[in-house]
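model03.txt, holding compact mmCIF, C-alpha atoms:
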# COMPACT_ATOMS: atom_id res chain seq x y z
CA MET S 1 -25.61 4.88 16.53
CA PRO S 2 -24.59 3.32 13.24
CA ASP S 3 -27.24 2.55 10.72
CA PRO S 4 -28.11 -1.13 11.20
CA ASP S 5 -28.38 -1.57 7.44
CA LEU S 6 -24.77 -0.63 7.05
CA GLU S 7 -21.95 -3.13 7.05
CA LEU S 8 -19.88 -1.04 9.35
CA LEU S 9 -16.14 -1.49 9.48
CA GLU S 10 -16.05 -5.14 10.19
CA GLN S 11 -12.66 -6.77 10.61
CA SER S 12 -11.41 -8.87 7.78
CA ASP S 13 -8.11 -9.84 6.24
CA LEU S 14 -5.85 -7.32 4.68
CA SER S 15 -6.10 -7.91 0.99
CA LEU S 16 -3.26 -10.07 -0.15
CA LEU S 17 -2.98 -8.26 -3.41
CA GLU S 18 -2.95 -4.94 -1.68
CA THR S 19 -0.24 -6.09 0.68
CA LEU S 20 1.95 -7.17 -2.19
CA ASP S 21 1.21 -3.94 -4.01
CA HIS S 22 2.43 -1.94 -1.05
CA VAL S 23 5.52 -4.02 -0.45
CA LEU S 24 6.61 -4.46 -4.04
CA ASN S 25 5.65 -1.13 -5.51
CA LYS S 26 6.10 1.33 -2.72
CA GLY S 27 8.54 2.25 -0.07
CA LEU S 28 11.65 4.34 -0.20
CA VAL S 29 13.91 3.39 -3.06
CA ILE S 30 17.46 3.38 -1.82
CA ALA S 31 20.26 2.37 -4.07
CA GLY S 32 21.33 -0.88 -2.54
CA GLU S 33 24.12 -2.73 -4.20
CA ILE S 34 21.54 -4.99 -5.71
CA THR S 35 18.14 -3.43 -6.24
CA ILE S 36 15.26 -4.44 -8.35
CA SER S 37 14.45 -1.84 -10.92
CA VAL S 38 11.04 -0.25 -11.03
CA ALA S 39 10.23 -1.83 -14.37
CA ASP S 40 11.05 -5.27 -13.01
CA ILE S 41 8.79 -4.69 -10.05
CA ASP S 42 5.90 -3.92 -12.33
CA LEU S 43 6.47 -7.18 -14.15
CA ILE S 44 6.67 -9.15 -10.94
CA PHE S 45 3.52 -7.52 -9.78
CA VAL S 46 1.62 -8.31 -12.93
CA GLY S 47 2.78 -11.90 -12.64
CA LEU S 48 1.71 -12.11 -9.02
CA ASN S 49 -1.60 -10.53 -9.77
CA VAL S 50 -2.36 -13.23 -12.29
CA LEU S 51 -1.16 -16.14 -10.21
CA LEU S 52 -2.24 -15.03 -6.80
CA GLY S 53 -5.19 -17.33 -6.43
CA SER S 54 -3.02 -20.39 -6.30
CA VAL S 55 -0.35 -19.17 -3.94
CA GLU S 56 -1.06 -20.57 -0.53
CA THR S 57 2.34 -19.92 0.92
CA ILE S 58 1.65 -16.22 1.24
CA ASN S 59 -1.57 -16.85 3.03
CA GLU S 60 0.30 -18.85 5.62
CA VAL S 61 2.98 -16.22 6.03
CA LEU S 62 0.49 -13.39 6.20
CA GLY S 63 -2.00 -15.34 8.26
CA GLN S 64 -0.40 -14.54 11.56
CA ARG S 65 -0.54 -10.84 10.92
CA THR S 66 -4.01 -10.52 9.52
CA SER S 67 -5.79 -12.80 11.93
CA GLY S 68 -4.20 -10.86 14.77
CA GLY S 69 -6.01 -7.72 13.67
CA ALA S 70 -8.15 -7.09 16.69
CA ALA S 71 -6.05 -9.12 19.09
CA GLU S 72 -2.88 -7.06 18.89
CA SER S 73 -3.11 -4.83 21.88
CA ASP S 74 -0.90 -2.12 20.43
CA ALA S 75 -2.65 -2.10 17.08
CA PRO S 76 -6.32 -2.45 17.92
CA GLU S 77 -7.46 -0.89 14.67
CA SER S 78 -5.68 -3.33 12.41
CA GLY S 79 -7.54 -4.93 9.58
CA THR S 80 -9.96 -3.95 6.91
CA GLY S 81 -13.05 -1.97 7.50
CA ARG S 82 -15.79 -1.88 4.98
CA ALA S 83 -18.59 0.54 5.46
CA MET Y 1 13.86 5.87 -11.81
CA SER Y 2 16.85 3.81 -12.71
CA GLN Y 3 18.99 1.71 -10.48
CA GLU Y 4 22.64 2.32 -9.95
CA LEU Y 5 24.50 -0.87 -9.80
CA PRO Y 6 28.18 -0.74 -9.04
CA GLN Y 7 30.52 -2.77 -11.14
CA LYS Y 8 30.72 -6.33 -10.06
CA ARG Y 9 33.90 -6.77 -8.16
CA GLY Y 10 35.36 -10.21 -8.19
CA GLY Y 11 35.34 -11.67 -4.72
CA ALA Y 12 34.23 -8.44 -3.07
CA ALA Y 13 30.94 -10.05 -2.24
CA ALA Y 14 32.47 -12.45 0.21
CA ALA Y 15 30.95 -11.54 3.54
CA ALA Y 16 31.64 -14.80 5.27
CA GLY Y 17 34.91 -15.58 3.62
CA GLU Y 18 35.88 -18.35 1.26
CA GLY Y 19 36.65 -21.94 2.06
CA GLY Y 20 33.30 -23.64 1.69
CA GLN Y 21 31.43 -21.24 3.91
CA GLU Y 22 28.30 -19.79 2.38
CA ARG Y 23 28.66 -16.23 1.23
CA HIS Y 24 26.12 -13.69 2.35
CA ALA Y 25 24.62 -10.38 1.41
CA PHE Y 26 22.53 -8.09 3.60
CA TYR Y 27 18.86 -7.54 3.01
CA VAL Y 28 17.53 -4.23 4.38
CA TYR Y 29 13.89 -3.80 5.45
CA GLY Y 30 13.62 -0.31 6.82
CA ILE Y 31 15.28 2.54 8.63
CA GLY Y 32 14.46 4.35 11.84
CA ALA Y 33 15.90 6.27 14.74
CA ARG Y 34 18.52 4.26 16.57
CA ALA Y 35 17.04 5.19 19.95
CA ASP Y 36 13.67 3.77 18.89
CA LEU Y 37 14.90 0.62 17.20
CA GLU Y 38 17.58 -0.59 19.58
CA PRO Y 39 15.19 -1.43 22.44
CA LEU Y 40 12.97 -3.40 20.07
CA PHE Y 41 15.82 -5.78 19.34
CA ALA Y 42 15.71 -6.86 22.99
CA GLU Y 43 12.16 -8.13 22.44
CA THR Y 44 10.70 -10.91 20.36
CA LEU Y 45 11.11 -10.19 16.65
CA PRO Y 46 9.36 -11.56 13.60
CA GLU Y 47 11.33 -13.88 11.38
CA GLY Y 48 13.45 -12.46 8.61
CA ILE Y 49 12.98 -12.84 4.91
CA GLU Y 50 14.72 -16.20 4.89
CA GLY Y 51 12.70 -17.49 7.80
CA SER Y 52 15.34 -19.00 10.03
CA VAL Y 53 17.87 -16.17 9.77
CA PRO Y 54 17.30 -13.64 12.56
CA LEU Y 55 17.04 -9.88 12.12
CA GLU Y 56 19.92 -7.67 13.07
CA ILE Y 57 20.38 -3.97 13.58
CA VAL Y 58 22.99 -1.86 11.80
CA VAL Y 59 23.59 1.44 13.55
CA GLU Y 60 25.27 4.57 12.35
CA GLY Y 61 25.04 7.81 14.30
CA GLU Y 62 21.45 8.41 15.31
CA LEU Y 63 20.01 6.16 12.64
CA ALA Y 64 19.64 2.41 12.40
CA ALA Y 65 18.67 -0.06 9.71
CA ILE Y 66 16.86 -3.36 10.13
CA ALA Y 67 18.62 -6.06 8.16
CA SER Y 68 19.29 -9.75 7.93
CA THR Y 69 21.79 -11.85 6.07
CA VAL Y 70 20.67 -13.67 2.96
CA PRO Y 71 22.58 -16.27 0.99
CA LEU Y 72 24.27 -14.57 -1.91
CA LYS Y 73 23.57 -17.56 -4.09
CA ASP Y 74 19.87 -16.64 -3.98
CA TYR Y 75 20.20 -12.86 -3.90
CA ASP Y 76 22.91 -11.87 -6.31
CA GLU Y 77 21.68 -10.14 -9.41
CA GLU Y 78 21.20 -13.13 -11.66
CA ALA Y 79 19.80 -15.47 -9.03
CA LEU Y 80 17.41 -12.85 -7.75
CA GLU Y 81 16.10 -12.15 -11.19
CA ALA Y 82 15.50 -15.83 -11.76
CA HIS Y 83 13.76 -16.23 -8.39
CA LEU Y 84 11.54 -13.25 -9.01
CA ALA Y 85 9.99 -15.01 -11.95
CA ASP Y 86 8.62 -17.51 -9.44
CA PRO Y 87 5.55 -15.91 -7.87
CA GLU Y 88 5.51 -18.31 -4.96
CA TRP Y 89 9.13 -17.51 -4.03
CA THR Y 90 8.52 -13.79 -4.40
CA ALA Y 91 5.16 -13.65 -2.70
CA ALA Y 92 6.30 -15.54 0.39
CA ARG Y 93 9.28 -13.23 0.76
CA ALA Y 94 7.30 -10.09 0.05
CA ALA Y 95 4.93 -11.18 2.78
CA ARG Y 96 7.80 -11.67 5.25
CA HIS Y 97 9.20 -8.29 4.27
CA GLN Y 98 5.81 -6.77 5.06
CA LYS Y 99 5.63 -8.59 8.41
CA VAL Y 100 9.00 -7.25 9.47
CA VAL Y 101 8.28 -3.69 8.40
CA ALA Y 102 4.81 -3.77 9.95
CA HIS Y 103 6.19 -5.09 13.25
CA PHE Y 104 8.54 -2.14 13.57
CA ALA Y 105 6.11 0.41 12.15
CA GLU Y 106 3.63 -0.46 14.88
CA ARG Y 107 6.24 0.36 17.49
CA ALA Y 108 8.38 3.14 16.03
CA GLY Y 109 8.65 5.59 13.19
CA ILE Y 110 9.90 3.52 10.29
CA VAL Y 111 10.91 4.41 6.77
CA PRO Y 112 9.95 1.23 4.93
CA LEU Y 113 12.24 0.23 2.10
CA ARG Y 114 10.95 -1.44 -0.95
CA PHE Y 115 11.26 -5.17 -1.39
CA GLY Y 116 14.68 -6.24 -2.60
CA THR Y 117 17.19 -3.72 -1.27
CA ILE Y 118 20.41 -5.63 -0.83
CA TYR Y 119 23.92 -4.70 0.24
CA ARG Y 120 26.97 -6.84 -0.18
CA GLU Y 121 28.57 -5.74 3.05
CA ARG Y 122 27.31 -4.51 6.40
CA SER Y 123 29.66 -1.54 6.26
CA ARG Y 124 27.96 -0.33 3.10
CA ILE Y 125 24.64 -0.06 4.95
CA ALA Y 126 26.27 2.14 7.57
CA GLN Y 127 27.79 4.20 4.81
CA MET Y 128 24.38 4.68 3.19
CA LEU Y 129 22.89 5.73 6.56
CA SER Y 130 25.64 8.26 6.95
CA GLU Y 131 25.42 9.63 3.42
CA LYS Y 132 21.64 10.01 3.49
CA ARG Y 133 21.47 11.04 7.12
CA GLU Y 134 19.57 14.30 6.58
CA GLU Y 135 16.93 12.91 4.27
CA LEU Y 136 16.40 9.80 6.37
CA SER Y 137 16.15 11.73 9.62
CA ALA Y 138 13.50 13.99 8.10
CA LEU Y 139 11.53 11.01 6.86
CA THR Y 140 11.80 9.23 10.18
CA ALA Y 141 10.46 12.30 11.94
CA ARG Y 142 7.61 12.57 9.46
CA VAL Y 143 6.33 9.07 10.09
CA GLN Y 144 6.82 9.18 13.86
CA GLY Y 145 3.51 8.43 15.60
CA ARG Y 146 1.72 8.08 12.26
CA GLU Y 147 0.57 5.26 10.07
CA GLU Y 148 -0.78 4.89 6.60
CA TRP Y 149 -4.40 4.02 5.90
CA SER Y 150 -5.65 3.42 2.44
CA LEU Y 151 -9.19 3.86 1.33
CA ASN Y 152 -10.80 2.03 -1.54
CA LEU Y 153 -13.84 3.65 -3.02
CA PHE Y 154 -16.16 1.23 -4.78
CA CYS Y 155 -19.08 2.22 -6.91
CA GLU Y 156 -22.05 0.07 -7.73
CA ARG Y 157 -22.93 1.58 -11.07
CA ALA Y 158 -26.49 0.29 -11.31
CA LYS Y 159 -27.32 1.78 -7.93
CA LEU Y 160 -25.66 5.05 -8.81
CA MET Y 161 -27.55 5.22 -12.10
CA LYS Y 162 -30.84 4.57 -10.36
CA ARG Y 163 -30.07 7.29 -7.89
CA LEU Y 164 -29.12 9.71 -10.65
CA ASP Y 165 -32.30 8.93 -12.56
CA SER Y 166 -34.39 10.04 -9.62
CA THR Y 167 -32.29 12.99 -8.45
CA ASN Y 168 -30.60 14.42 -11.51
CA LEU Y 169 -32.87 17.02 -13.09
CA ARG Y 170 -31.20 17.04 -16.50
CA LEU Y 171 -31.43 13.29 -16.73
CA ARG Y 172 -35.08 13.25 -15.75
CA GLU Y 173 -35.95 15.85 -18.30
CA ALA Y 174 -34.05 14.02 -21.00
CA SER Y 175 -35.76 10.69 -20.37
CA GLU Y 176 -39.19 12.31 -20.14
CA ARG Y 177 -38.63 13.96 -23.49
CA ALA Y 178 -37.55 10.62 -24.95
CA ALA Y 179 -40.64 8.91 -23.56
CA SER Y 180 -43.06 11.39 -25.12
CA ALA Y 181 -41.35 11.75 -28.50
CA PRO Y 182 -42.44 9.99 -31.70
CA PRO Y 183 -40.67 6.62 -32.27
CA GLY Y 184 -37.90 7.74 -34.63
CA GLN Y 185 -36.95 10.72 -32.55
CA ALA Y 186 -37.34 8.75 -29.32
CA TYR Y 187 -34.59 6.38 -30.38
CA LEU Y 188 -32.12 9.22 -30.84
CA LEU Y 189 -33.19 10.88 -27.64
CA ARG Y 190 -32.76 7.64 -25.72
CA LYS Y 191 -29.23 7.32 -27.06
CA LYS Y 192 -28.51 10.89 -26.02
CA THR Y 193 -29.96 10.19 -22.58
CA GLU Y 194 -27.70 7.14 -22.20
CA ALA Y 195 -24.64 9.23 -23.03
CA LEU Y 196 -25.77 11.86 -20.56
CA ARG Y 197 -26.23 9.21 -17.86
CA SER Y 198 -22.69 7.92 -18.34
CA ALA Y 199 -21.26 11.42 -18.22
CA GLU Y 200 -23.25 12.28 -15.11
CA ALA Y 201 -22.16 9.04 -13.43
CA ARG Y 202 -18.50 9.79 -14.15
CA ALA Y 203 -18.93 13.30 -12.84
CA GLU Y 204 -20.60 11.99 -9.70
CA ILE Y 205 -17.77 9.52 -9.08
CA GLN Y 206 -15.27 12.36 -9.45
CA ARG Y 207 -17.26 14.55 -7.14
CA VAL Y 208 -17.60 11.91 -4.41
CA THR Y 209 -13.90 10.99 -4.69
CA ALA Y 210 -12.91 14.63 -4.30
CA ALA Y 211 -15.27 15.12 -1.36
CA VAL Y 212 -13.98 12.01 0.43
CA ALA Y 213 -10.37 12.95 -0.26
CA GLU Y 214 -10.84 16.46 1.03
CA ALA Y 215 -12.68 15.47 4.19
CA LEU Y 216 -10.12 12.84 5.13
CA ALA Y 217 -7.10 14.91 4.10
CA ALA Y 218 -8.23 17.42 6.70
CA ARG Y 219 -7.92 14.70 9.39
CA SER Y 220 -4.53 13.44 8.28
CA ASP Y 221 -0.99 14.67 7.66
CA GLY Y 222 -0.72 13.68 4.04
CA ALA Y 223 -2.95 12.38 1.30
CA LYS Y 224 -2.27 10.66 -1.98
CA ARG Y 225 -4.23 9.23 -4.80
CA LEU Y 226 -2.95 5.80 -5.79
CA ASN Y 227 -3.11 4.09 -9.11
CA LEU Y 228 -5.87 1.57 -9.52
CA LEU Y 229 -4.26 -1.81 -9.52
CA ARG Y 230 -7.15 -4.02 -10.36
CA GLN Y 231 -10.33 -3.75 -12.30
CA GLU Y 232 -12.51 -5.31 -9.72
CA THR Y 233 -16.18 -5.66 -10.44
CA ALA Y 234 -16.89 -8.01 -7.59
CA GLU Y 235 -18.97 -7.56 -4.45
CA PRO Y 236 -19.07 -3.88 -3.55
CA GLY Y 237 -19.00 -2.66 -7.16
CA GLU Y 238 -16.19 -1.47 -9.35
CA LEU Y 239 -13.15 0.13 -7.79
CA ALA Y 240 -13.49 3.82 -8.52
CA ALA Y 241 -10.56 5.30 -6.60
CA ARG Y 242 -7.79 4.43 -4.16
CA LEU Y 243 -6.58 7.03 -1.73
CA SER Y 244 -3.95 6.84 0.94
CA PHE Y 245 -3.57 8.95 4.06
CA LEU Y 246 -0.87 9.44 6.63
CA VAL Y 247 -2.78 9.45 9.89
CA ALA Y 248 -1.52 10.39 13.33
CA ARG Y 249 -2.33 7.60 15.78
CA ASP Y 250 -3.92 9.99 18.22
CA ARG Y 251 -6.27 11.22 15.49
CA LEU Y 252 -7.18 7.80 14.15
CA ALA Y 253 -10.53 7.64 15.97
CA GLU Y 254 -11.51 10.98 14.47
CA PHE Y 255 -10.31 9.89 11.03
CA ARG Y 256 -12.32 6.69 11.20
CA ALA Y 257 -15.41 8.46 12.44
CA VAL Y 258 -15.26 10.79 9.46
CA ALA Y 259 -14.73 7.84 7.11
CA GLU Y 260 -17.79 6.12 8.55
CA GLN Y 261 -19.82 9.29 8.24
CA LEU Y 262 -18.77 9.62 4.59
CA ALA Y 263 -19.68 5.98 4.00
CA ARG Y 264 -23.16 6.61 5.35
CA GLU Y 265 -23.58 9.74 3.26
CA HIS Y 266 -22.76 8.04 0.01
CA THR Y 267 -24.19 4.57 0.47
CA GLU Y 268 -27.52 5.54 -1.13
CA SER Y 269 -25.72 6.50 -4.31
CA GLY Y 270 -24.07 3.10 -4.54
CA PHE Y 271 -20.69 3.95 -3.02
CA THR Y 272 -18.82 1.71 -0.61
CA LEU Y 273 -15.81 2.90 1.33
CA GLU Y 274 -13.23 0.38 2.44
CA LEU Y 275 -10.59 1.43 4.91
CA VAL Y 276 -7.46 -0.74 4.89
CA GLY Y 277 -4.59 -0.55 7.34
CA PRO Y 278 -2.61 0.27 9.24
CA TRP Y 279 0.29 0.17 6.82
CA PRO Y 280 3.86 1.23 7.31
CA ALA Y 281 4.09 4.62 5.62
CA PHE Y 282 4.98 3.15 2.25
CA ASN Y 283 3.49 6.02 0.26
CA PHE Y 284 4.80 8.85 2.37
CA THR Y 285 8.49 8.22 2.57
CA ASP Y 286 9.96 9.53 -0.61
CA ALA Y 287 12.05 12.65 -0.37
CA ALA Y 288 9.62 14.79 -2.35
CA THR Y 289 6.83 13.85 0.02
CA ALA Y 290 8.94 14.71 3.02
CA ALA Y 291 9.44 18.23 1.79
CA ALA Y 292 5.74 18.98 1.67
CA SER Y 293 3.60 18.84 4.79
CA THR Y 294 0.50 17.96 2.82
CA ASP Y 295 0.49 16.45 -0.62
CA PRO Y 296 -1.91 17.58 -3.24
CA ILE Y 297 -4.39 14.94 -4.18
CA SER Y 298 -5.21 14.92 -7.85
How does the structure come out when it is put into structure tokens?
Amino acid sequence: MPDPDLELLEQSDLSLLETLDHVLNKGLVIAGEITISVADIDLIFVGLNVLLGSVETINEVLGQRTSGGAAESDAPESGTGRA
Amino acid sequence: MSQELPQKRGGAAAAAGEGGQERHAFYVYGIGARADLEPLFAETLPEGIEGSVPLEIVVEGELAAIASTVPLKDYDEEALEAHLADPEWTAARAARHQKVVAHFAERAGIVPLRFGTIYRERSRIAQMLSEKREELSALTARVQGREEWSLNLFCERAKLMKRLDSTNLRLREASERAASAPPGQAYLLRKKTEALRSAEARAEIQRVTAAVAEALAARSDGAKRLNLLRQETAEPGELAARLSFLVARDRLAEFRAVAEQLAREHTESGFTLELVGPWPAFNFTDAATAAASTDPIS
């Protein structure tokens, strides 16, 4: 039995910043015919980091995914757990 | 890593022809096994990066890429650079990129590409799949049945310090000596004690990070330490470390149980563990990673 004093792995939204970090900074780099250079990505990311609070569009776009955390039958473990 | 951009060829970018029709480029989201991806295109798909433009599949041999057309006027080099300066434009599209990749990653082994991989012609995507067939097949196999989970380790310094004060013998001795010393000497001893506390706290953070990394690496098929991207001193304390693990779906319950156990073990010392996922295997799909079965965490 989990310790009742512990906030155990409750579902919450994937961090927006973290999502952008994964998408913008990571992933296989394949030379497309137009690709953003790594240095550019860092700049974009810094910019996003600073301005994130005011960007509601992303929340809307991401909303469907994050709120579906526990509801998606094939991804029951989705979401953020904090213990 | 530098990009290789081919020379701009006049008119070569015309995918949809001239004569008033909008010209297109192809945005690529990720790559997987053709046999896995093809059936998914018969089902409902998330929207593409431009919202209304549907996703399409580009196949070549046993591999397939997930792509969609994008207007070249927004995605050629200059336009893209200009758009990227607009956080709202970029963030909305990065979020759609993530939705697409996540959708496929939940259903198949996917090599997620980074945001902003664009080809001028469909045939060039097929060519890329063919040229990098070996590497891509290995990566696809590596992520099959697995997903990435990242773990944020937060440390509440005040709580850790308090814990150290009562458990760390050297610290206790030092502060007792300071307490019983004459005033002038006590001042110096207190300063020394403070320095010792900071050093012990850093060492403890290192120790806990290593212990967590090791325990979870043993329940996963790859582990990485990520750069700290924010100096967060909010709710659960300061962010002390970020780790990422490639976890087999059929071992996820075990992995989570261990994470929860670790969280319980270290909560008294002021540590909070936050498990975030599942992610497409963003951190485990470079060629160097594919070569090694387990990555050193350091």
Closest atom pairs, residues of chain Y within 8 Å of chain S, only C-alpha atoms, as CSV:
residue,atom,partner,partner_atom,distance
Y:Met1,CA,S:Val38,CA,6.8
Y:Ser2,CA,S:Ser37,CA,6.4
Y:Gln3,CA,S:Ser37,CA,5.8
Y:Glu4,CA,S:Ala31,CA,6.3
Y:Leu5,CA,S:Glu33,CA,5.9
Y:Pro6,CA,S:Glu33,CA,6.6
Y:Asp76,CA,S:Ile34,CA,7.0
Y:Glu77,CA,S:Ile34,CA,6.3
Y:Leu84,CA,S:Ile44,CA,6.7
Y:Ala85,CA,S:Ile44,CA,6.8
Y:Pro87,CA,S:Leu48,CA,5.5
Y:Glu88,CA,S:Val55,CA,6.0
Y:Ala91,CA,S:Ile58,CA,5.9
Y:Ala92,CA,S:Ile58,CA,4.8
Y:Ala94,CA,S:Val23,CA,6.3
Y:Ala95,CA,S:Leu62,CA,6.0
Y:Arg96,CA,S:Val61,CA,6.7
Y:His97,CA,S:Val23,CA,7.4
Y:Gln98,CA,S:Val23,CA,6.2
Y:Lys99,CA,S:Arg65,CA,7.0
Y:Glu106,CA,S:Ala75,CA,6.9
Y:Val111,CA,S:Leu28,CA,7.0
Y:Pro112,CA,S:Gly27,CA,5.3
Y:Leu113,CA,S:Gly27,CA,4.7
Y:Arg114,CA,S:Gly27,CA,4.5
Y:Phe115,CA,S:Leu24,CA,5.4
Y:Gly116,CA,S:Thr35,CA,5.8
Y:Thr117,CA,S:Thr35,CA,5.1
Y:Ile118,CA,S:Ile34,CA,5.0
Y:Tyr119,CA,S:Glu33,CA,4.9
Y:Arg120,CA,S:Glu33,CA,6.4
Y:Glu260,CA,S:Ala83,CA,6.4
Y:Ala263,CA,S:Ala83,CA,5.7
Y:Arg264,CA,S:Ala83,CA,7.6
Y:Thr272,CA,S:Ala83,CA,6.2
Y:Leu273,CA,S:Ala83,CA,5.5
Y:Glu274,CA,S:Arg82,CA,4.3
Y:Leu275,CA,S:Gly81,CA,4.9
Y:Val276,CA,S:Thr80,CA,4.5
Y:Gly277,CA,S:Gly79,CA,5.7
Y:Pro278,CA,S:Ser78,CA,5.7
Y:Ala281,CA,S:Gly27,CA,7.6
Y:Phe282,CA,S:Gly27,CA,4.3
Y:Asn283,CA,S:Lys26,CA,6.1
Y:Phe284,CA,S:Gly27,CA,8.0
Y:Thr285,CA,S:Leu28,CA,5.7
Y:Asp286,CA,S:Leu28,CA,5.5
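For the pair atom CA of Y:Glu147 and atom CA of Y:Val212, the interatomic distance is 18.7 Å.
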Atomic distance atom CA of Y:His24 - atom CA of Y:Thr69, expressed in Å with one decimal: 6.0 Å
Once you add 3 Å to each side, what are the centre and edge lengths of the axis-aligned box holding all listed atoms of stretch 20-32 of chain S? One decimal in Å, as AutoDock Vina command-line options, if you can.
--center_x 11.3 --center_y -1.4 --center_z -2.8 --size_x 26.1 --size_y 17.5 --size_z 11.4
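Straight-line separation from atom CA of Y:Val208 to atom CA of Y:His266: 7.8 Å.
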Just the residues within 8 Å of Y:Glu268, please, counting only C-alpha atoms, with nothing from its chain fewer than 5 positions along; format it as a PyMOL selection string. chain Y and resi 159-160+163
Go ahead and write the selection's residues with C-alpha atoms as a PDB file, keeping the file's coordinate frame.
ATOM      1  CA  LYS Y 159     -27.320   1.780  -7.930  1.00  0.00           C
ATOM      2  CA  LEU Y 160     -25.660   5.050  -8.810  1.00  0.00           C
ATOM      3  CA  ARG Y 163     -30.070   7.290  -7.890  1.00  0.00           C
TER       4      ARG Y 163
END
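Omitting Y:Phe255 and its sequence neighbours fewer than 3 positions away, and counting only C-alpha atoms, the residues within 7 Å are Leu216, Arg219, Arg251, Leu252, Val258 and Ala259 of chain Y.
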Shortest interatomic distance to Y:Val100 - which of Y:Glu62, Y:Glu238, Y:Glu47, Y:Glu176, counting only C-alpha atoms: Y:Glu47
Selection near stretch 51-61 of chain Y, 9 Å with all atoms listed in the file, sequence-local residues under 6 positions removed, as a list in words: Arg34, Leu37, Glu38, Phe41, Leu45, Ala67, Ser68, Thr69, Val70, Arg93, Arg96, Val100, Arg122, Ser123, Ile125, Ala126, Gln127, Leu129, Ser130 and Arg133 of chain Y
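Nearest to Y:Ala218 of all the residues Y:Leu239, Y:Phe245, Y:Ser175, Y:Ala102 is Y:Phe245, counting all atoms listed in the file.
Minimum distance to Y:Ala201 across Y:Glu214, Y:Asp221, Y:Glu156, Y:Asp86 (counting only C-alpha atoms) occurs at Y:Glu156.
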Y:Arg170 environment, 12 Å, all atoms listed in the file, sequence neighbours closer than 5 positions dropped, as a ChimeraX atom specification: /Y:164-165,175-177,192-194,196-197,199-200
Could you write out that same residue set with C-alpha atoms as a PDB file, in the coordinates of the input?
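New file part.pdb:
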ATOM      1  CA  LEU Y 164     -29.120   9.710 -10.650  1.00  0.00           C
ATOM      2  CA  ASP Y 165     -32.300   8.930 -12.560  1.00  0.00           C
ATOM      3  CA  SER Y 175     -35.760  10.690 -20.370  1.00  0.00           C
ATOM      4  CA  GLU Y 176     -39.190  12.310 -20.140  1.00  0.00           C
ATOM      5  CA  ARG Y 177     -38.630  13.960 -23.490  1.00  0.00           C
ATOM      6  CA  LYS Y 192     -28.510  10.890 -26.020  1.00  0.00           C
ATOM      7  CA  THR Y 193     -29.960  10.190 -22.580  1.00  0.00           C
ATOM      8  CA  GLU Y 194     -27.700   7.140 -22.200  1.00  0.00           C
ATOM      9  CA  LEU Y 196     -25.770  11.860 -20.560  1.00  0.00           C
ATOM     10  CA  ARG Y 197     -26.230   9.210 -17.860  1.00  0.00           C
ATOM     11  CA  ALA Y 199     -21.260  11.420 -18.220  1.00  0.00           C
ATOM     12  CA  GLU Y 200     -23.250  12.280 -15.110  1.00  0.00           C
TER      13      GLU Y 200
END
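Closest to Y:Tyr29 among Y:Leu228, Y:Val101, Y:Ala241, Y:Ala195 is Y:Val101, based on all atoms listed in the file.
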